[in-house]
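The file entry_14.txt comes next; it holds compact mmCIF, C-alpha atoms.
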```txt
# COMPACT_ATOMS: atom_id res chain seq x y z
CA MET J 575 85.09 92.06 105.03
CA PRO J 576 87.84 93.64 107.18
CA SER J 577 89.17 96.06 104.56
CA LEU J 578 85.69 97.51 104.05
CA PHE J 579 85.22 98.20 107.77
CA LEU J 580 88.68 99.73 108.05
CA GLY J 581 87.71 102.10 105.26
CA LEU J 582 84.46 103.03 106.99
CA ALA J 583 86.32 103.81 110.21
CA ALA J 584 88.73 105.96 108.20
CA ALA J 585 85.77 107.74 106.60
CA LEU J 586 84.40 108.72 110.01
CA ALA J 587 87.77 110.07 111.15
CA TRP J 588 88.34 111.98 107.91
CA GLY J 589 84.77 113.30 107.91
CA ILE J 590 85.33 114.93 111.29
CA HIS J 591 88.77 116.10 110.16
CA ASP J 592 87.37 117.78 107.04
CA LEU J 593 84.68 119.59 109.00
CA CYS J 594 87.51 121.02 111.09
CA VAL J 595 89.36 121.96 107.88
CA ARG J 596 86.40 124.10 106.83
CA PHE J 597 86.70 126.05 110.07
CA VAL J 598 90.50 126.24 110.24
CA SER J 599 90.92 127.29 106.60
CA GLN J 600 88.97 130.45 107.39
CA LYS J 601 91.18 131.29 110.39
CA THR J 602 94.81 130.66 109.39
CA SER J 603 97.18 130.04 106.46
CA ILE J 604 96.97 126.58 104.93
CA LEU J 605 100.63 125.47 104.88
CA PRO J 606 101.41 126.31 108.54
CA ALA J 607 98.17 124.63 109.60
CA MET J 608 99.00 121.50 107.59
CA LEU J 609 102.49 121.35 109.12
CA ILE J 610 100.98 121.27 112.63
CA VAL J 611 98.42 118.64 111.58
CA PHE J 612 100.98 116.41 109.86
CA SER J 613 103.56 116.81 112.64
CA THR J 614 101.01 115.78 115.26
CA GLY J 615 100.14 112.73 113.20
CA ALA J 616 103.82 111.85 112.78
CA ILE J 617 104.40 112.00 116.55
CA LEU J 618 101.47 109.66 117.16
CA VAL J 619 102.60 107.22 114.49
CA SER J 620 106.17 107.32 115.81
CA ALA J 621 104.98 106.37 119.30
CA ALA J 622 103.82 103.04 117.84
CA ALA J 623 106.30 102.64 114.98
CA LEU J 624 109.54 103.07 116.93
CA PRO J 625 109.06 100.29 119.54
CA MET J 626 106.86 97.92 117.50
CA GLY J 627 107.70 98.70 113.91
CA ASN J 628 109.84 95.72 112.80
CA TRP J 629 112.19 98.13 111.06
CA GLN J 630 114.34 95.29 109.78
CA GLN J 631 111.48 94.40 107.44
CA LEU J 632 111.48 97.85 105.82
CA THR J 633 112.91 97.19 102.38
CA GLN J 634 114.38 99.84 100.12
CA GLN J 635 111.43 99.45 97.76
CA ALA J 636 108.94 99.91 100.59
CA ALA J 637 110.73 103.04 101.84
CA LEU J 638 110.77 104.54 98.33
CA LEU J 639 107.08 103.80 97.78
CA ALA J 640 106.23 105.20 101.21
CA GLY J 641 108.10 108.40 100.42
CA VAL J 642 106.25 108.81 97.13
CA SER J 643 102.93 108.10 98.87
CA GLY J 644 103.67 110.74 101.50
CA ALA J 645 104.56 113.39 98.94
CA ILE J 646 101.40 112.73 96.96
CA PHE J 647 99.33 112.74 100.15
CA ALA J 648 100.72 116.16 101.10
CA LEU J 649 99.76 117.58 97.69
CA GLY J 650 96.32 115.95 97.79
CA SER J 651 95.71 117.29 101.29
CA TYR J 652 96.75 120.78 100.23
CA ALA J 653 94.21 120.59 97.41
CA LEU J 654 91.57 119.45 99.92
CA TYR J 655 92.28 122.42 102.20
CA ARG J 656 92.08 124.84 99.28
CA ALA J 657 88.82 123.33 98.02
CA LEU J 658 87.13 123.44 101.42
CA ALA J 659 88.34 126.99 101.96
CA LEU J 660 86.69 128.13 98.72
CA GLY J 661 83.37 126.29 98.62
CA PRO J 662 80.63 125.05 100.98
CA VAL J 663 81.15 121.55 102.36
CA LYS J 664 78.13 119.94 100.74
CA LEU J 665 79.29 120.86 97.23
CA VAL J 666 83.06 120.46 97.50
CA ALA J 667 83.17 117.23 99.54
CA PRO J 668 81.40 115.17 96.83
CA LEU J 669 84.09 116.10 94.32
CA ILE J 670 86.84 115.05 96.71
CA GLY J 671 85.05 111.77 97.43
CA ALA J 672 85.03 110.74 93.77
CA TYR J 673 88.42 108.98 93.90
CA PRO J 674 87.12 105.34 94.21
CA VAL J 675 86.76 105.08 90.43
CA LEU J 676 90.47 105.75 90.09
CA SER J 677 91.27 103.35 92.96
CA LEU J 678 89.44 100.42 91.39
CA GLY J 679 90.83 101.29 87.97
CA MET J 680 94.38 101.05 89.32
CA ALA J 681 93.52 97.79 91.09
CA MET J 682 92.30 96.39 87.78
CA LEU J 683 95.57 97.41 86.07
CA GLN J 684 97.45 95.56 88.82
CA GLY J 685 95.60 92.35 87.99
CA GLN J 686 92.93 92.40 90.72
CA PRO J 687 89.60 90.90 89.57
CA VAL J 688 87.02 93.67 89.33
CA GLY J 689 83.59 92.49 88.24
CA LEU J 690 80.79 94.43 86.62
CA ASP J 691 78.81 94.32 89.87
CA HIS J 692 81.72 96.01 91.67
CA TRP J 693 81.81 98.77 89.08
CA LEU J 694 78.04 99.25 89.43
CA ALA J 695 78.41 99.53 93.20
CA VAL J 696 81.21 102.07 92.83
CA ALA J 697 79.06 103.96 90.32
CA ALA J 698 76.32 104.09 92.96
CA VAL J 699 78.81 105.41 95.53
CA VAL J 700 80.28 108.08 93.29
CA GLY J 701 76.95 108.90 91.64
CA GLY J 702 75.24 109.24 94.99
CA VAL J 703 77.91 111.53 96.37
CA GLY J 704 77.99 113.58 93.17
CA SER J 705 74.21 113.92 93.15
CA ILE J 706 74.42 115.89 96.36
CA ALA J 707 75.97 118.65 94.28
CA VAL J 708 73.70 118.11 91.27
CA PHE J 709 70.54 118.50 93.35
CA SER J 710 71.71 121.62 95.16
CA ARG J 711 69.37 124.56 95.17
CA GLU J 712 70.06 127.32 92.69
CA GLU J 713 71.11 129.74 95.43
CA ASP J 714 73.81 127.27 96.50
CA SER J 715 75.37 126.67 93.09
CA GLY J 716 76.89 130.13 92.77
CA ALA J 717 78.94 129.67 95.93
CA VAL J 718 81.31 127.16 94.34
CA ASN J 719 83.40 128.38 91.42
CA LEU J 720 85.51 126.50 88.93
CA GLN J 721 88.61 127.00 91.06
CA ALA J 722 87.07 125.18 94.03
CA GLY J 723 85.96 122.34 91.74
CA ALA J 724 89.44 122.02 90.23
CA TRP J 725 91.02 121.80 93.69
CA GLY J 726 88.45 119.19 94.71
CA LEU J 727 89.21 116.99 91.70
CA ALA J 728 92.94 117.42 92.29
CA ALA J 729 92.45 116.19 95.85
CA ALA J 730 90.53 113.15 94.59
CA CYS J 731 93.36 112.22 92.21
CA GLY J 732 95.91 112.73 94.96
CA PHE J 733 94.11 110.46 97.42
CA ALA J 734 93.61 107.69 94.85
CA LEU J 735 97.33 107.66 94.08
CA THR J 736 98.24 107.93 97.78
CA PHE J 737 96.25 104.84 98.70
CA ALA J 738 97.47 102.79 95.74
CA VAL J 739 101.16 103.59 96.32
CA GLY J 740 100.84 103.35 100.12
CA GLN J 741 99.20 99.93 99.97
CA ALA J 742 101.94 98.74 97.60
CA ALA J 743 104.49 99.95 100.15
CA THR J 744 102.91 97.91 102.95
CA GLN J 745 103.03 94.83 100.74
CA ALA J 746 106.76 95.39 100.23
CA GLY J 747 107.63 96.05 103.90
CA ALA J 748 106.40 96.46 107.49
CA GLU J 749 103.25 98.55 108.00
CA LEU J 750 104.27 100.88 110.84
CA PRO J 751 107.64 101.92 109.35
CA VAL J 752 105.85 102.61 106.08
CA LEU J 753 103.43 104.92 107.90
CA ILE J 754 106.18 106.94 109.57
CA VAL J 755 108.18 107.27 106.32
CA THR J 756 104.99 108.42 104.61
CA ARG J 757 104.45 111.07 107.29
CA LEU J 758 108.04 112.30 107.20
CA ALA J 759 107.98 112.63 103.41
CA ALA J 760 104.76 114.64 103.59
CA ILE J 761 106.18 116.95 106.28
CA LEU J 762 109.42 117.54 104.37
CA LEU J 763 107.50 118.46 101.22
CA LEU J 764 105.21 120.84 103.11
CA LEU J 765 108.17 122.40 104.91
CA GLY J 766 109.92 122.99 101.61
CA LEU J 767 106.81 124.62 100.14
CA ALA J 768 106.37 126.79 103.24
CA LEU J 769 109.99 127.97 103.04
CA LEU J 770 109.71 128.72 99.32
CA THR J 771 106.52 130.72 99.81
CA ARG J 772 107.71 132.29 103.09
CA MET J 773 104.65 131.02 104.95
CA LEU J 774 106.33 129.44 107.97
CA GLN J 775 104.59 131.47 110.68
CA MET J 776 103.02 129.68 113.65
CA PRO J 777 99.19 129.52 113.65
CA SER J 778 97.40 131.32 116.48
CA ARG J 779 97.12 129.57 119.83
CA LYS J 780 93.33 129.48 119.52
CA VAL J 781 93.42 126.96 116.67
CA LEU J 782 96.37 124.85 117.87
CA PRO J 783 94.24 122.36 119.89
CA LEU J 784 91.95 121.86 116.90
CA LEU J 785 94.94 121.36 114.59
CA CYS J 786 96.36 118.71 116.94
CA LEU J 787 92.99 116.91 116.98
CA MET J 788 92.96 117.01 113.19
CA GLY J 789 96.45 115.51 113.13
CA ALA J 790 95.33 112.60 115.30
CA LEU J 791 92.24 111.94 113.16
CA ASP J 792 94.22 112.15 109.93
CA ALA J 793 96.93 109.78 111.18
CA ILE J 794 94.36 107.21 112.30
CA ALA J 795 92.45 107.38 109.02
CA LEU J 796 95.48 107.10 106.74
CA GLY J 797 96.91 104.34 108.90
CA LEU J 798 93.73 102.28 108.59
CA VAL J 799 93.62 102.59 104.80
CA ILE J 800 97.30 101.83 104.30
CA TYR J 801 97.16 98.89 106.75
CA SER J 802 94.39 97.41 104.61
CA GLY J 803 97.09 96.75 102.02
CA THR J 804 97.92 93.61 104.02
CA LEU J 805 94.32 92.32 103.74
CA PRO J 806 92.36 90.78 100.86
CA ARG J 807 90.82 93.29 98.43
CA PRO J 808 92.47 96.43 99.88
CA GLU J 809 90.80 98.57 97.21
CA PHE J 810 87.53 98.15 99.12
CA ALA J 811 89.05 100.15 101.97
CA SER J 812 89.83 102.96 99.54
CA VAL J 813 86.28 102.87 98.22
CA SER J 814 84.56 102.83 101.62
CA ALA J 815 86.91 105.51 102.95
CA SER J 816 85.49 107.78 100.25
CA LEU J 817 82.46 108.15 102.52
CA PHE J 818 84.44 110.78 104.40
CA GLY J 819 82.93 113.34 102.02
CA LEU J 820 79.46 112.12 102.87
CA VAL J 821 80.22 112.15 106.60
CA THR J 822 81.48 115.71 106.26
CA VAL J 823 78.29 116.75 104.46
CA VAL J 824 76.09 115.27 107.18
CA LEU J 825 78.16 116.87 109.92
CA ALA J 826 78.00 120.21 108.11
CA TRP J 827 74.21 119.85 108.04
CA LEU J 828 74.12 119.12 111.77
CA ILE J 829 76.74 121.57 113.00
CA LEU J 830 77.18 124.29 110.36
CA ARG J 831 73.47 124.25 109.48
CA GLU J 832 74.09 123.84 105.75
CA SER J 833 70.73 123.01 104.20
CA MET J 834 70.00 119.61 102.60
CA ASN J 835 67.01 119.00 100.33
CA ARG J 836 65.11 115.75 99.81
CA ALA J 837 66.95 114.76 96.63
CA GLN J 838 70.27 115.15 98.41
CA TRP J 839 69.13 112.83 101.21
CA VAL J 840 68.10 110.26 98.58
CA SER J 841 71.63 110.55 97.22
CA VAL J 842 72.94 109.76 100.70
CA ALA J 843 70.86 106.55 100.75
CA VAL J 844 72.13 105.53 97.29
CA THR J 845 75.72 106.01 98.42
CA PHE J 846 75.26 103.88 101.52
CA GLY J 847 73.60 101.21 99.37
CA GLY J 848 76.63 101.00 97.12
CA ILE J 849 78.97 100.68 100.09
CA ALA J 850 76.76 97.98 101.67
CA TYR J 851 76.87 95.93 98.46
CA LEU J 852 80.66 96.03 98.43
CA GLY J 853 80.63 94.28 101.80
CA PHE J 854 79.09 91.09 100.40
```

For the structure just supplied, provide its representation as structure tokens.
Amino acid sequence: MPSLFLGLAAALAWGIHDLCVRFVSQKTSILPAMLIVFSTGAILVSAAALPMGNWQQLTQQAALLAGVSGAIFALGSYALYRALALGPVKLVAPLIGAYPVLSLGMAMLQGQPVGLDHWLAVAAVVGGVGSIAVFSREEDSGAVNLQAGAWGLAAACGFALTFAVGQAATQAGAELPVLIVTRLAAILLLLGLALLTRMLQMPSRKVLPLLCLMGALDAIALGLVIYSGTLPRPEFASVSASLFGLVTVVLAWLILRESMNRAQWVSVAVTFGGIAYLGF
């Protein structure tokens, strides 16, 4: 179904984005880096939203929901940056990717039919991703502390709420204006935090191209998931987008040379199986 494939495309974009986060978080301060990333995304969204946005369809309710979604997304993204800065990708990313349980739970509270088979598929997705951490070698487990885990879980909660509120905003108004309001709200919140903490310095020129690439990937991914709010079963996009953690793990194995044992690869197969079932 379309919402599932939109989520998978978002997962690929976010997976590449998060691999870049692991690198950038070691090179520069988080808030200034996020401001560059979010600003780049806002410029790209504005290029489409201003001429084609149907701004007359942006209701007051949609604008309010979009603003709330953007603020939550900024906080969730900050938690993601902190988590990836503290722990190795293969152990932190599974925690961040655990948000589908919350997404389907909120869909159920909104009256969407969620069958037992859907919950079993989501359990396979979340269980498979989580097993990557469970089956880590003993020498890996000490690298992630409780602080990194707490930030990862905070990011998961933030993304679940972002997608739920953002999809509700698209149902109440035009998609492209919702996206740009979401971006602006996120930037304003980050700017306020940077001013309060006196962390408004410009990142080094060496990382600026990478930050701009991250902004483009992030804008595309969030846009795909929020746009799915106009399609049947938008919660499937939120679930399939959770594969970004898995994509990040695989990319870290290929590029950063983080080791993966056999049990972890089995967990990868279980996760993909759960996502495949959700497509039928």

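Minimum atom-to-atom distances from J:Leu820, J:Leu774, J:Leu624, J:Val611 to Ile761 of chain J were compared using only C-alpha atoms, and the lowest value belongs to J:Val611.
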
### Query
So how far away is atom CA of Pro806 of chain J from atom CA of Gln686 of chain J, in Å?
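Going from atom CA of Gln686 of chain J over to atom CA of Pro806 of chain J, I get 10.3 Å.
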
### Among listed residues J:Met776, J:Ala681, J:Val708, J:Ala697, nearest Asn835 of chain J (using all atoms listed in the file)
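Under the stated criterion, the closest residue is J:Val708.
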
### Query
atom CA of Leu658 of chain J to atom CA of His591 of chain J: how many Å, to one decimal?
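Between these atoms lies a distance of 11.5 Å.
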
### Query
What gap, in Å, lies between atom CA of Ala748 of chain J and atom CA of Ala811 of chain J?
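Taking atom CA of Ala748 of chain J as the start and atom CA of Ala811 of chain J as the end point, the length is 18.6 Å.
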
What's the 9 Å shell around segment 738-741 of chain J, counting all atoms listed in the file, without same-chain residues fewer than 2 positions away, as a compact mmCIF listing (two decimals) with C-alpha atoms, keeping the file's coordinate frame?
```txt
# COMPACT_ATOMS: atom_id res chain seq x y z
CA ALA J 636 108.94 99.91 100.59
CA LEU J 639 107.08 103.80 97.78
CA ALA J 640 106.23 105.20 101.21
CA GLY J 641 108.10 108.40 100.42
CA VAL J 642 106.25 108.81 97.13
CA SER J 643 102.93 108.10 98.87
CA GLY J 644 103.67 110.74 101.50
CA SER J 677 91.27 103.35 92.96
CA MET J 680 94.38 101.05 89.32
CA ALA J 681 93.52 97.79 91.09
CA PHE J 733 94.11 110.46 97.42
CA ALA J 734 93.61 107.69 94.85
CA LEU J 735 97.33 107.66 94.08
CA THR J 736 98.24 107.93 97.78
CA ALA J 743 104.49 99.95 100.15
CA THR J 744 102.91 97.91 102.95
CA GLN J 745 103.03 94.83 100.74
CA ALA J 746 106.76 95.39 100.23
CA VAL J 752 105.85 102.61 106.08
CA LEU J 753 103.43 104.92 107.90
CA THR J 756 104.99 108.42 104.61
CA VAL J 799 93.62 102.59 104.80
CA ILE J 800 97.30 101.83 104.30
CA TYR J 801 97.16 98.89 106.75
CA SER J 802 94.39 97.41 104.61
CA GLY J 803 97.09 96.75 102.02
CA THR J 804 97.92 93.61 104.02
CA PRO J 808 92.47 96.43 99.88
CA GLU J 809 90.80 98.57 97.21
CA SER J 812 89.83 102.96 99.54
```

### Task
Can you work out which one of J:Ile646, J:Val781, J:Val699, J:Val675 has the shortest atom-to-atom distance to Ser599 of chain J, counting only C-alpha atoms?
J:Val781
